[in-house]
file data.pdb (PDB, C-alpha atoms)
ATOM      1  CA  MET A  16     -24.764 -15.774   0.747
ATOM      2  CA  PRO A  17     -26.562 -12.753   2.248
ATOM      3  CA  TYR A  18     -28.788 -10.763  -0.080
ATOM      4  CA  VAL A  19     -31.024  -7.783   0.517
ATOM      5  CA  SER A  20     -33.620  -6.269  -1.796
ATOM      6  CA  VAL A  21     -32.745  -2.712  -2.830
ATOM      7  CA  ASN A  22     -35.171  -0.896  -5.115
ATOM      8  CA  GLY A  23     -36.591  -4.254  -6.183
ATOM      9  CA  VAL A  24     -33.233  -5.867  -7.001
ATOM     10  CA  ASP A  25     -31.394  -8.435  -4.868
ATOM     11  CA  HIS A  26     -27.992  -7.107  -3.800
ATOM     12  CA  TYR A  27     -25.193  -9.227  -2.378
ATOM     13  CA  TYR A  28     -23.504  -7.794   0.713
ATOM     14  CA  GLU A  29     -21.141  -8.962   3.411
ATOM     15  CA  TRP A  30     -19.663  -7.709   6.645
ATOM     16  CA  ILE A  31     -15.993  -7.985   7.517
ATOM     17  CA  SER A  32     -15.693  -7.380  11.235
ATOM     18  CA  THR A  33     -14.463  -8.761  14.528
ATOM     19  CA  GLN A  34     -18.014  -8.607  15.879
ATOM     20  CA  ASP A  35     -20.756 -11.205  15.769
ATOM     21  CA  HIS A  36     -23.321  -8.511  15.036
ATOM     22  CA  PRO A  37     -21.636  -5.820  12.916
ATOM     23  CA  GLY A  38     -23.446  -2.626  12.116
ATOM     24  CA  ASN A  39     -24.695  -2.097  15.668
ATOM     25  CA  TYR A  40     -22.431   0.963  16.013
ATOM     26  CA  GLU A  41     -20.205  -0.438  18.715
ATOM     27  CA  LYS A  42     -17.607   0.487  16.093
ATOM     28  CA  PRO A  43     -17.848   2.976  13.213
ATOM     29  CA  VAL A  44     -19.028   1.565   9.889
ATOM     30  CA  MET A  45     -16.976   1.790   6.694
ATOM     31  CA  VAL A  46     -18.829   1.115   3.434
ATOM     32  CA  PHE A  47     -16.859   0.198   0.307
ATOM     33  CA  LEU A  48     -17.885   0.849  -3.316
ATOM     34  CA  HIS A  49     -16.213  -1.030  -6.160
ATOM     35  CA  GLY A  50     -15.509   0.144  -9.698
ATOM     36  CA  TRP A  51     -16.865  -0.695 -13.147
ATOM     37  CA  ALA A  52     -17.386  -4.391 -13.940
ATOM     38  CA  GLY A  53     -15.838  -5.367 -10.605
ATOM     39  CA  SER A  54     -17.191  -6.560  -7.296
ATOM     40  CA  ALA A  55     -16.659  -6.118  -3.584
ATOM     41  CA  ARG A  56     -14.159  -8.962  -3.640
ATOM     42  CA  TYR A  57     -11.173  -6.740  -4.321
ATOM     43  CA  TRP A  58     -11.880  -4.654  -1.221
ATOM     44  CA  ARG A  59     -11.615  -7.634   1.136
ATOM     45  CA  SER A  60      -7.909  -7.298   1.890
ATOM     46  CA  THR A  61      -8.326  -3.615   2.787
ATOM     47  CA  ALA A  62     -11.341  -4.379   4.950
ATOM     48  CA  GLU A  63      -9.542  -7.226   6.704
ATOM     49  CA  ALA A  64      -6.711  -4.834   7.569
ATOM     50  CA  ILE A  65      -9.006  -2.330   9.318
ATOM     51  CA  LYS A  66     -11.694  -4.585  10.787
ATOM     52  CA  ASP A  67     -10.370  -4.082  14.328
ATOM     53  CA  LYS A  68     -11.397  -0.416  14.091
ATOM     54  CA  PHE A  69     -14.308  -0.553  11.651
ATOM     55  CA  ASP A  70     -17.262  -2.743  10.805
ATOM     56  CA  CYS A  71     -16.662  -3.001   7.052
ATOM     57  CA  LEU A  72     -19.669  -3.265   4.743
ATOM     58  CA  LEU A  73     -18.931  -4.587   1.259
ATOM     59  CA  TYR A  74     -21.573  -4.996  -1.427
ATOM     60  CA  ASP A  75     -21.813  -5.733  -5.134
ATOM     61  CA  GLN A  76     -23.564  -3.028  -7.080
ATOM     62  CA  ARG A  77     -26.604  -3.726  -9.216
ATOM     63  CA  GLY A  78     -25.742  -5.886 -12.219
ATOM     64  CA  PHE A  79     -22.192  -6.611 -11.067
ATOM     65  CA  GLY A  80     -20.531  -9.390  -9.124
ATOM     66  CA  ARG A  81     -23.061 -11.503  -7.283
ATOM     67  CA  SER A  82     -25.832  -8.897  -7.272
ATOM     68  CA  HIS A  83     -28.748  -9.255  -9.651
ATOM     69  CA  ALA A  84     -29.495  -6.844 -12.483
ATOM     70  CA  SER A  85     -32.633  -4.903 -13.263
ATOM     71  CA  ALA A  86     -34.840  -6.749 -15.739
ATOM     72  CA  PRO A  87     -34.584  -5.519 -19.370
ATOM     73  CA  ASP A  88     -38.229  -4.438 -19.443
ATOM     74  CA  VAL A  89     -37.723  -2.449 -16.239
ATOM     75  CA  ILE A  90     -34.725  -0.614 -17.721
ATOM     76  CA  ALA A  91     -36.648  -0.006 -20.956
ATOM     77  CA  ALA A  92     -39.414   1.608 -18.911
ATOM     78  CA  ASP A  93     -36.933   3.655 -16.845
ATOM     79  CA  PRO A  94     -33.623   4.348 -18.652
ATOM     80  CA  THR A  95     -32.411   6.393 -15.657
ATOM     81  CA  LEU A  96     -31.639   3.080 -13.926
ATOM     82  CA  ASN A  97     -28.282   3.059 -15.733
ATOM     83  CA  THR A  98     -27.294   6.503 -14.458
ATOM     84  CA  LEU A  99     -24.689   6.646 -11.721
ATOM     85  CA  GLU A 100     -27.077   8.753  -9.661
ATOM     86  CA  SER A 101     -29.453   5.782  -9.545
ATOM     87  CA  PHE A 102     -26.650   3.686  -8.047
ATOM     88  CA  ALA A 103     -26.153   6.399  -5.426
ATOM     89  CA  GLU A 104     -29.842   6.032  -4.616
ATOM     90  CA  ASP A 105     -29.302   2.274  -4.271
ATOM     91  CA  LEU A 106     -26.691   2.967  -1.605
ATOM     92  CA  ASN A 107     -29.067   5.251   0.248
ATOM     93  CA  VAL A 108     -31.718   2.521   0.329
ATOM     94  CA  LEU A 109     -29.163  -0.137   1.280
ATOM     95  CA  LEU A 110     -28.161   1.852   4.364
ATOM     96  CA  ASP A 111     -31.828   2.214   5.301
ATOM     97  CA  VAL A 112     -32.581  -1.475   4.806
ATOM     98  CA  LEU A 113     -29.591  -2.431   6.972
ATOM     99  CA  ASN A 114     -30.721   0.102   9.590
ATOM    100  CA  LEU A 115     -27.508   2.122   9.356
ATOM    101  CA  THR A 116     -28.974   5.401  10.504
ATOM    102  CA  GLN A 117     -25.812   7.019  11.863
ATOM    103  CA  PRO A 118     -23.158   8.565   9.591
ATOM    104  CA  VAL A 119     -20.813   6.028   8.006
ATOM    105  CA  TYR A 120     -17.341   6.280   6.533
ATOM    106  CA  MET A 121     -16.912   5.601   2.821
ATOM    107  CA  ASN A 122     -14.152   4.272   0.584
ATOM    108  CA  ALA A 123     -15.107   4.303  -3.097
ATOM    109  CA  HIS A 124     -12.959   3.328  -6.076
ATOM    110  CA  SER A 125     -12.936   4.373  -9.740
ATOM    111  CA  MET A 126     -16.523   4.440 -11.076
ATOM    112  CA  GLY A 127     -17.612   3.667  -7.531
ATOM    113  CA  GLY A 128     -15.954   6.958  -6.609
ATOM    114  CA  SER A 129     -18.262   8.792  -9.004
ATOM    115  CA  ILE A 130     -21.248   7.020  -7.478
ATOM    116  CA  GLY A 131     -19.894   7.906  -4.053
ATOM    117  CA  LEU A 132     -19.497  11.544  -5.101
ATOM    118  CA  TYR A 133     -23.135  11.736  -6.198
ATOM    119  CA  PHE A 134     -24.114  10.158  -2.876
ATOM    120  CA  LEU A 135     -22.045  12.716  -0.950
ATOM    121  CA  ASP A 136     -23.698  15.503  -2.922
ATOM    122  CA  ARG A 137     -27.205  14.235  -2.167
ATOM    123  CA  TYR A 138     -26.779  12.837   1.340
ATOM    124  CA  PRO A 139     -23.826  14.558   3.037
ATOM    125  CA  GLU A 140     -25.395  13.983   6.436
ATOM    126  CA  ARG A 141     -24.989  10.222   6.015
ATOM    127  CA  VAL A 142     -21.181  10.245   5.705
ATOM    128  CA  LYS A 143     -18.631  11.361   8.264
ATOM    129  CA  LYS A 144     -15.537  11.060   6.074
ATOM    130  CA  ALA A 145     -14.981   9.790   2.541
ATOM    131  CA  ILE A 146     -12.081   8.359   0.582
ATOM    132  CA  LEU A 147     -12.205   8.507  -3.213
ATOM    133  CA  THR A 148      -9.587   6.217  -4.726
ATOM    134  CA  CYS A 149      -8.580   6.699  -8.376
ATOM    135  CA  ASN A 150     -11.340   9.121  -9.251
ATOM    136  CA  GLY A 151     -11.378  12.611 -10.718
ATOM    137  CA  SER A 152     -12.994  15.162 -12.978
ATOM    138  CA  PHE A 153     -12.437  15.312 -16.737
ATOM    139  CA  PRO A 154     -13.334  17.618 -19.662
ATOM    140  CA  TYR A 155     -15.855  16.832 -22.372
ATOM    141  CA  GLN A 156     -14.428  15.640 -25.685
ATOM    142  CA  LYS A 157     -17.198  14.581 -28.054
ATOM    143  CA  TRP A 158     -15.077  12.620 -30.535
ATOM    144  CA  ALA A 159     -13.096  10.850 -27.812
ATOM    145  CA  PHE A 160     -16.250   9.894 -25.920
ATOM    146  CA  GLU A 161     -17.907   8.504 -29.051
ATOM    147  CA  ALA A 162     -14.812   6.446 -29.843
ATOM    148  CA  PHE A 163     -14.791   5.225 -26.242
ATOM    149  CA  TYR A 164     -18.450   4.135 -26.499
ATOM    150  CA  LEU A 165     -17.726   2.233 -29.716
ATOM    151  CA  PHE A 166     -14.725   0.467 -28.219
ATOM    152  CA  GLY A 167     -16.544  -0.150 -24.933
ATOM    153  CA  GLY A 168     -19.474  -1.674 -26.778
ATOM    154  CA  TYR A 169     -17.180  -4.208 -28.430
ATOM    155  CA  VAL A 170     -15.467  -4.983 -25.140
ATOM    156  CA  VAL A 171     -18.782  -5.634 -23.382
ATOM    157  CA  ALA A 172     -20.262  -7.603 -26.283
ATOM    158  CA  PHE A 173     -17.236  -9.850 -26.818
ATOM    159  CA  ARG A 174     -16.760 -11.572 -23.474
ATOM    160  CA  PRO A 175     -16.562 -15.310 -24.150
ATOM    161  CA  LYS A 176     -17.067 -17.278 -20.964
ATOM    162  CA  TRP A 177     -14.051 -19.443 -21.832
ATOM    163  CA  LEU A 178     -11.691 -16.452 -21.782
ATOM    164  CA  ASP A 179     -10.576 -17.112 -18.212
ATOM    165  CA  LYS A 180      -9.546 -20.640 -19.232
ATOM    166  CA  ILE A 181      -6.824 -19.353 -21.557
ATOM    167  CA  PRO A 182      -3.324 -19.385 -20.004
ATOM    168  CA  PHE A 183      -2.102 -15.897 -19.058
ATOM    169  CA  ALA A 184      -5.480 -14.308 -19.887
ATOM    170  CA  PRO A 185      -5.899 -12.864 -16.337
ATOM    171  CA  GLN A 186      -2.385 -11.412 -16.445
ATOM    172  CA  MET A 187      -2.976  -9.839 -19.853
ATOM    173  CA  PHE A 188      -6.404  -8.554 -18.832
ATOM    174  CA  MET A 189      -5.004  -6.758 -15.773
ATOM    175  CA  GLN A 190      -1.839  -5.425 -17.399
ATOM    176  CA  ARG A 191      -3.338  -2.045 -18.280
ATOM    177  CA  PHE A 192      -4.609  -1.504 -14.735
ATOM    178  CA  LEU A 193      -1.413  -2.160 -12.794
ATOM    179  CA  LYS A 194       2.063  -0.789 -12.224
ATOM    180  CA  GLY A 195       2.944  -2.992  -9.273
ATOM    181  CA  SER A 196       2.213  -6.652  -8.681
ATOM    182  CA  ILE A 197      -0.851  -8.292  -7.168
ATOM    183  CA  PRO A 198      -1.486 -12.025  -6.538
ATOM    184  CA  LEU A 199      -2.522 -14.144  -9.520
ATOM    185  CA  ALA A 200      -5.682 -15.176  -7.652
ATOM    186  CA  GLU A 201      -6.752 -11.520  -7.560
ATOM    187  CA  LYS A 202      -6.154 -11.156 -11.303
ATOM    188  CA  LYS A 203      -8.298 -14.227 -11.931
ATOM    189  CA  ALA A 204     -11.065 -12.796  -9.725
ATOM    190  CA  PHE A 205     -11.011  -9.499 -11.643
ATOM    191  CA  LEU A 206     -11.401 -11.300 -14.962
ATOM    192  CA  ALA A 207     -14.175 -13.507 -13.564
ATOM    193  CA  ASP A 208     -16.078 -10.433 -12.347
ATOM    194  CA  PHE A 209     -15.712  -8.774 -15.740
ATOM    195  CA  LEU A 210     -17.045 -11.860 -17.533
ATOM    196  CA  MET A 211     -20.075 -12.197 -15.237
ATOM    197  CA  ALA A 212     -21.119  -8.518 -15.294
ATOM    198  CA  ASP A 213     -24.589  -7.915 -16.746
ATOM    199  CA  GLY A 214     -24.230  -6.539 -20.263
ATOM    200  CA  SER A 215     -26.849  -3.822 -19.941
ATOM    201  CA  ALA A 216     -25.503  -2.618 -16.602
ATOM    202  CA  ALA A 217     -21.911  -2.710 -17.857
ATOM    203  CA  LEU A 218     -22.602  -0.761 -21.042
ATOM    204  CA  GLY A 219     -25.059   1.638 -19.428
ATOM    205  CA  THR A 220     -22.762   2.603 -16.562
ATOM    206  CA  LEU A 221     -19.757   2.845 -18.875
ATOM    207  CA  LYS A 222     -21.603   5.435 -20.947
ATOM    208  CA  ALA A 223     -22.844   7.222 -17.818
ATOM    209  CA  ALA A 224     -19.374   7.393 -16.273
ATOM    210  CA  VAL A 225     -17.848   8.948 -19.384
ATOM    211  CA  SER A 226     -20.475  11.391 -20.584
ATOM    212  CA  LYS A 227     -21.166  15.064 -21.164
ATOM    213  CA  HIS A 228     -23.482  14.941 -18.149
ATOM    214  CA  ALA A 229     -20.659  13.645 -15.945
ATOM    215  CA  THR A 230     -18.315  16.427 -17.096
ATOM    216  CA  GLU A 231     -20.928  18.961 -15.981
ATOM    217  CA  ALA A 232     -22.298  17.318 -12.827
ATOM    218  CA  MET A 233     -19.100  16.037 -11.223
ATOM    219  CA  PRO A 234     -17.201  19.373 -10.993
ATOM    220  CA  LYS A 235     -20.261  20.924  -9.346
ATOM    221  CA  ALA A 236     -20.439  18.050  -6.867
ATOM    222  CA  PHE A 237     -16.717  18.286  -6.094
ATOM    223  CA  ALA A 238     -16.965  22.044  -5.541
ATOM    224  CA  ALA A 239     -20.000  21.614  -3.275
ATOM    225  CA  LEU A 240     -18.498  18.847  -1.097
ATOM    226  CA  LYS A 241     -19.390  19.268   2.559
ATOM    227  CA  VAL A 242     -17.808  16.029   3.790
ATOM    228  CA  PRO A 243     -14.061  15.806   4.600
ATOM    229  CA  THR A 244     -12.701  13.768   1.698
ATOM    230  CA  LEU A 245      -9.385  12.154   0.806
ATOM    231  CA  MET A 246      -8.544  11.750  -2.891
ATOM    232  CA  VAL A 247      -5.926   9.070  -3.596
ATOM    233  CA  SER A 248      -4.416   8.714  -7.079
ATOM    234  CA  GLY A 249      -1.981   6.177  -8.493
ATOM    235  CA  GLU A 250       1.022   7.798 -10.156
ATOM    236  CA  TYR A 251       0.808   5.598 -13.267
ATOM    237  CA  ASP A 252      -2.967   5.206 -13.481
ATOM    238  CA  LYS A 253      -3.999   4.994 -17.154
ATOM    239  CA  ILE A 254      -7.711   4.629 -16.412
ATOM    240  CA  THR A 255      -8.131   7.758 -14.280
ATOM    241  CA  PRO A 256      -4.863   9.686 -14.638
ATOM    242  CA  ALA A 257      -3.555  11.275 -11.457
ATOM    243  CA  LYS A 258      -3.842  14.703 -13.050
ATOM    244  CA  LEU A 259      -7.635  14.358 -13.058
ATOM    245  CA  GLY A 260      -7.698  13.480  -9.370
ATOM    246  CA  LYS A 261      -5.491  16.434  -8.480
ATOM    247  CA  GLU A 262      -7.639  18.821 -10.511
ATOM    248  CA  ALA A 263     -10.779  17.551  -8.786
ATOM    249  CA  ALA A 264      -9.165  17.939  -5.362
ATOM    250  CA  GLU A 265      -8.349  21.564  -6.138
ATOM    251  CA  MET A 266     -12.056  22.284  -6.571
ATOM    252  CA  SER A 267     -12.785  22.033  -2.842
ATOM    253  CA  ASP A 268     -11.103  22.958   0.423
ATOM    254  CA  ASN A 269     -12.681  19.809   1.872
ATOM    255  CA  ILE A 270     -10.540  17.511  -0.285
ATOM    256  CA  GLU A 271      -7.084  16.343   0.741
ATOM    257  CA  TYR A 272      -5.020  14.957  -2.139
ATOM    258  CA  VAL A 273      -2.372  12.218  -2.040
ATOM    259  CA  LEU A 274      -0.424  10.784  -4.978
ATOM    260  CA  MET A 275       0.829   7.241  -4.454
ATOM    261  CA  PRO A 276       4.074   6.579  -6.349
ATOM    262  CA  ASN A 277       4.726   3.381  -8.301
ATOM    263  CA  THR A 278       1.055   2.397  -8.379
ATOM    264  CA  ALA A 279      -1.640   2.560 -11.041
ATOM    265  CA  HIS A 280      -5.407   1.927 -10.844
ATOM    266  CA  PHE A 281      -5.397  -0.334  -7.772
ATOM    267  CA  PRO A 282      -3.064   1.308  -5.235
ATOM    268  CA  MET A 283      -4.862  -0.396  -2.336
ATOM    269  CA  MET A 284      -3.571  -3.730  -3.645
ATOM    270  CA  GLU A 285      -0.355  -2.726  -5.414
ATOM    271  CA  ASP A 286       1.070  -1.075  -2.286
ATOM    272  CA  ALA A 287      -1.282  -2.046   0.523
ATOM    273  CA  GLU A 288       1.063  -0.955   3.304
ATOM    274  CA  SER A 289       1.410   2.617   2.024
ATOM    275  CA  TYR A 290      -2.274   2.833   1.168
ATOM    276  CA  LEU A 291      -3.267   1.835   4.678
ATOM    277  CA  LYS A 292      -0.853   4.334   6.238
ATOM    278  CA  ILE A 293      -2.296   7.140   4.114
ATOM    279  CA  THR A 294      -5.938   6.272   4.698
ATOM    280  CA  ASN A 295      -5.508   5.470   8.401
ATOM    281  CA  SER A 296      -3.867   8.851   8.911
ATOM    282  CA  PHE A 297      -6.879  10.508   7.307
ATOM    283  CA  LEU A 298      -9.240   8.425   9.450
ATOM    284  CA  VAL A 299      -7.267   8.870  12.663
ATOM    285  CA  ASP A 300     -10.097  10.643  14.455
ATOM    286  CA  ALA A 301     -12.608   7.878  13.730
ATOM    287  CA  GLU A 302     -14.459   7.383  16.964
ATOM    288  CA  THR A 303     -16.847   4.837  18.345
ATOM    289  CA  PRO A 304     -20.372   6.225  17.856
ATOM    290  CA  VAL A 305     -22.908   6.214  20.623
ATOM    291  CA  ALA A 306     -25.503   3.526  19.995
ATOM    292  CA  ALA A 307     -28.833   4.898  18.827
TER     293      ALA A 307
END
call {"tool": "encode", "arguments": {"input": "data.pdb", "output": "structure tokens"}}
result
Amino acid sequence: MPYVSVNGVDHYYEWISTQDHPGNYEKPVMVFLHGWAGSARYWRSTAEAIKDKFDCLLYDQRGFGRSHASAPDVIAADPTLNTLESFAEDLNVLLDVLNLTQPVYMNAHSMGGSIGLYFLDRYPERVKKAILTCNGSFPYQKWAFEAFYLFGGYVVAFRPKWLDKIPFAPQMFMQRFLKGSIPLAEKKAFLADFLMADGSAALGTLKAAVSKHATEAMPKAFAALKVPTLMVSGEYDKITPAKLGKEAAEMSDNIEYVLMPNTAHFPMMEDAESYLKITNSFLVDAETPVAA
């Protein structure tokens, strides 16, 4: 499996492309960011569907999927490593290490969308167009956030490795995230990713994603967006309700908003055909860059 060192941590990445040497800018590059406690695996079907037009770069973020986590003593010395902004910096270094110097396209999901937003705010020159799937801006509620941290702490702490061996566990695990149907193999992969996520990274990013800081920083980043961006929400999303995506989209003239009916938190898998039509329409002017 291909790994690359990013800020001292080995990151798993893969290309999905029709080329033998993807990333050479014979085609535009699309980079995908996954959500909390997931991995790049769930983006594969989307990438496969567009690989004729894009070189698709998938990677597992630090501490998730097949990527390594920062050592506990390193995090203790630098607590900012669990901020979502630090993951945006990881992406910046990853593009440098892979010699992707020309602007890329981005598709980022859920917590990955927040990381993508911070990246767009810091490095707008590195992205030509962005898609934020199931993301949004939300108000600060101290009591609700504290209850969420308590519940999230239990969820992260109690993850017995045998859980995926229990019949119907993957189906039950994914029930809250879906309105439509996805293959059982995908549900099993989601549960496996959740069980293998590094505890410190999972808890740290969970708290960073739902925080007072996020409620202050994200609206500013949405309002300041310079990159043409598509916001896609699932009508029945319980994790990031569509209302939050619509409100975020209204903060900037550079955001186009689309609500996908009869889907929840994974519209790219629940209704792949409609998702691809929507995103391809937004990306219709994607052009082949001139090689550097």
call {"tool": "closest_residue", "arguments": {"input": "data.pdb", "among": "A:Val142, A:Ala238, A:Val299, A:Leu106", "to": "Met121 of chain A", "atoms": "only C-alpha atoms"}}
result
A:Val142
call {"tool": "axis_aligned_box", "arguments": {"input": "data.pdb", "around": "segment 244-260 of chain A", "padding_each_side": "3 Å", "output": "AutoDock Vina command-line options"}}
result
--center_x -5.8 --center_y 9.7 --center_z -7.7 --size_x 19.7 --size_y 16.1 --size_z 24.9
call {"tool": "resolve_selection", "arguments": {"input": "data.pdb", "expression": "the PyMOL selection byres ((chain A and resi 31-48) around 6)", "output": "list in words"}}
result
Trp30, His49, Lys66, Phe69, Asp70, Cys71, Leu72, Leu73, Val119, Tyr120, Met121, Asn122, Ala123, Gly127, Thr303, Pro304 and Ala306 of chain A
call {"tool": "atom_distance", "arguments": {"input": "data.pdb", "atom1": "atom CA of Leu113 of chain A", "atom2": "atom CA of Tyr27 of chain A"}}
result
12.4 Å
call {"tool": "atom_distance", "arguments": {"input": "data.pdb", "atom1": "atom CA of Asp67 of chain A", "atom2": "atom CA of Asp300 of chain A"}}
result
14.7 Å
call {"tool": "atom_distance", "arguments": {"input": "data.pdb", "atom1": "atom CA of Asp105 of chain A", "atom2": "atom CA of Lys222 of chain A"}}
result
18.6 Å
call {"tool": "build_atoms", "arguments": {"input": "data.pdb", "residues": "segment 50-72 of chain A", "atoms": "N, CA and C atoms", "output": "PDB file, in the frame of the given file"}}
result
ATOM      1  N   GLY A  50     -15.478  -0.514  -8.408  1.00  0.00           N
ATOM      2  CA  GLY A  50     -15.509   0.144  -9.698  1.00  0.00           C
ATOM      3  C   GLY A  50     -16.227  -0.646 -10.774  1.00  0.00           C
ATOM      4  N   TRP A  51     -16.133  -0.145 -12.009  1.00  0.00           N
ATOM      5  CA  TRP A  51     -16.865  -0.695 -13.147  1.00  0.00           C
ATOM      6  C   TRP A  51     -16.496  -2.150 -13.402  1.00  0.00           C
ATOM      7  N   ALA A  52     -17.514  -2.973 -13.592  1.00  0.00           N
ATOM      8  CA  ALA A  52     -17.386  -4.391 -13.940  1.00  0.00           C
ATOM      9  C   ALA A  52     -16.617  -5.194 -12.899  1.00  0.00           C
ATOM     10  N   GLY A  53     -16.507  -4.651 -11.683  1.00  0.00           N
ATOM     11  CA  GLY A  53     -15.838  -5.367 -10.605  1.00  0.00           C
ATOM     12  C   GLY A  53     -16.828  -5.872  -9.584  1.00  0.00           C
ATOM     13  N   SER A  54     -16.340  -6.144  -8.401  1.00  0.00           N
ATOM     14  CA  SER A  54     -17.191  -6.560  -7.296  1.00  0.00           C
ATOM     15  C   SER A  54     -16.509  -6.183  -5.996  1.00  0.00           C
ATOM     16  N   ALA A  55     -17.207  -6.439  -4.901  1.00  0.00           N
ATOM     17  CA  ALA A  55     -16.659  -6.118  -3.584  1.00  0.00           C
ATOM     18  C   ALA A  55     -15.461  -6.980  -3.221  1.00  0.00           C
ATOM     19  N   ARG A  56     -15.225  -8.027  -3.999  1.00  0.00           N
ATOM     20  CA  ARG A  56     -14.159  -8.962  -3.640  1.00  0.00           C
ATOM     21  C   ARG A  56     -12.805  -8.285  -3.496  1.00  0.00           C
ATOM     22  N   TYR A  57     -12.515  -7.316  -4.361  1.00  0.00           N
ATOM     23  CA  TYR A  57     -11.173  -6.740  -4.321  1.00  0.00           C
ATOM     24  C   TYR A  57     -10.955  -5.775  -3.149  1.00  0.00           C
ATOM     25  N   TRP A  58     -12.021  -5.481  -2.422  1.00  0.00           N
ATOM     26  CA  TRP A  58     -11.880  -4.654  -1.221  1.00  0.00           C
ATOM     27  C   TRP A  58     -11.620  -5.496   0.031  1.00  0.00           C
ATOM     28  N   ARG A  59     -11.691  -6.802  -0.064  1.00  0.00           N
ATOM     29  CA  ARG A  59     -11.615  -7.634   1.136  1.00  0.00           C
ATOM     30  C   ARG A  59     -10.313  -7.454   1.902  1.00  0.00           C
ATOM     31  N   SER A  60      -9.191  -7.406   1.191  1.00  0.00           N
ATOM     32  CA  SER A  60      -7.909  -7.298   1.890  1.00  0.00           C
ATOM     33  C   SER A  60      -7.807  -5.984   2.658  1.00  0.00           C
ATOM     34  N   THR A  61      -8.319  -4.903   2.086  1.00  0.00           N
ATOM     35  CA  THR A  61      -8.326  -3.615   2.787  1.00  0.00           C
ATOM     36  C   THR A  61      -9.226  -3.684   4.006  1.00  0.00           C
ATOM     37  N   ALA A  62     -10.399  -4.270   3.836  1.00  0.00           N
ATOM     38  CA  ALA A  62     -11.341  -4.379   4.950  1.00  0.00           C
ATOM     39  C   ALA A  62     -10.773  -5.256   6.065  1.00  0.00           C
ATOM     40  N   GLU A  63     -10.145  -6.349   5.695  1.00  0.00           N
ATOM     41  CA  GLU A  63      -9.542  -7.226   6.704  1.00  0.00           C
ATOM     42  C   GLU A  63      -8.504  -6.477   7.527  1.00  0.00           C
ATOM     43  N   ALA A  64      -7.784  -5.558   6.892  1.00  0.00           N
ATOM     44  CA  ALA A  64      -6.711  -4.834   7.569  1.00  0.00           C
ATOM     45  C   ALA A  64      -7.228  -3.802   8.564  1.00  0.00           C
ATOM     46  N   ILE A  65      -8.489  -3.370   8.429  1.00  0.00           N
ATOM     47  CA  ILE A  65      -9.006  -2.330   9.318  1.00  0.00           C
ATOM     48  C   ILE A  65     -10.190  -2.797  10.163  1.00  0.00           C
ATOM     49  N   LYS A  66     -10.486  -4.103  10.120  1.00  0.00           N
ATOM     50  CA  LYS A  66     -11.694  -4.585  10.787  1.00  0.00           C
ATOM     51  C   LYS A  66     -11.635  -4.464  12.305  1.00  0.00           C
ATOM     52  N   ASP A  67     -10.450  -4.297  12.886  1.00  0.00           N
ATOM     53  CA  ASP A  67     -10.370  -4.082  14.328  1.00  0.00           C
ATOM     54  C   ASP A  67     -10.967  -2.736  14.723  1.00  0.00           C
ATOM     55  N   LYS A  68     -10.912  -1.762  13.799  1.00  0.00           N
ATOM     56  CA  LYS A  68     -11.397  -0.416  14.091  1.00  0.00           C
ATOM     57  C   LYS A  68     -12.745  -0.112  13.457  1.00  0.00           C
ATOM     58  N   PHE A  69     -13.075  -0.825  12.386  1.00  0.00           N
ATOM     59  CA  PHE A  69     -14.308  -0.553  11.651  1.00  0.00           C
ATOM     60  C   PHE A  69     -15.091  -1.839  11.406  1.00  0.00           C
ATOM     61  N   ASP A  70     -16.411  -1.720  11.405  1.00  0.00           N
ATOM     62  CA  ASP A  70     -17.262  -2.743  10.805  1.00  0.00           C
ATOM     63  C   ASP A  70     -17.323  -2.415   9.321  1.00  0.00           C
ATOM     64  N   CYS A  71     -16.803  -3.292   8.481  1.00  0.00           N
ATOM     65  CA  CYS A  71     -16.662  -3.001   7.052  1.00  0.00           C
ATOM     66  C   CYS A  71     -17.801  -3.638   6.259  1.00  0.00           C
ATOM     67  N   LEU A  72     -18.555  -2.813   5.558  1.00  0.00           N
ATOM     68  CA  LEU A  72     -19.669  -3.265   4.743  1.00  0.00           C
ATOM     69  C   LEU A  72     -19.257  -3.257   3.279  1.00  0.00           C
TER      70      LEU A  72
END
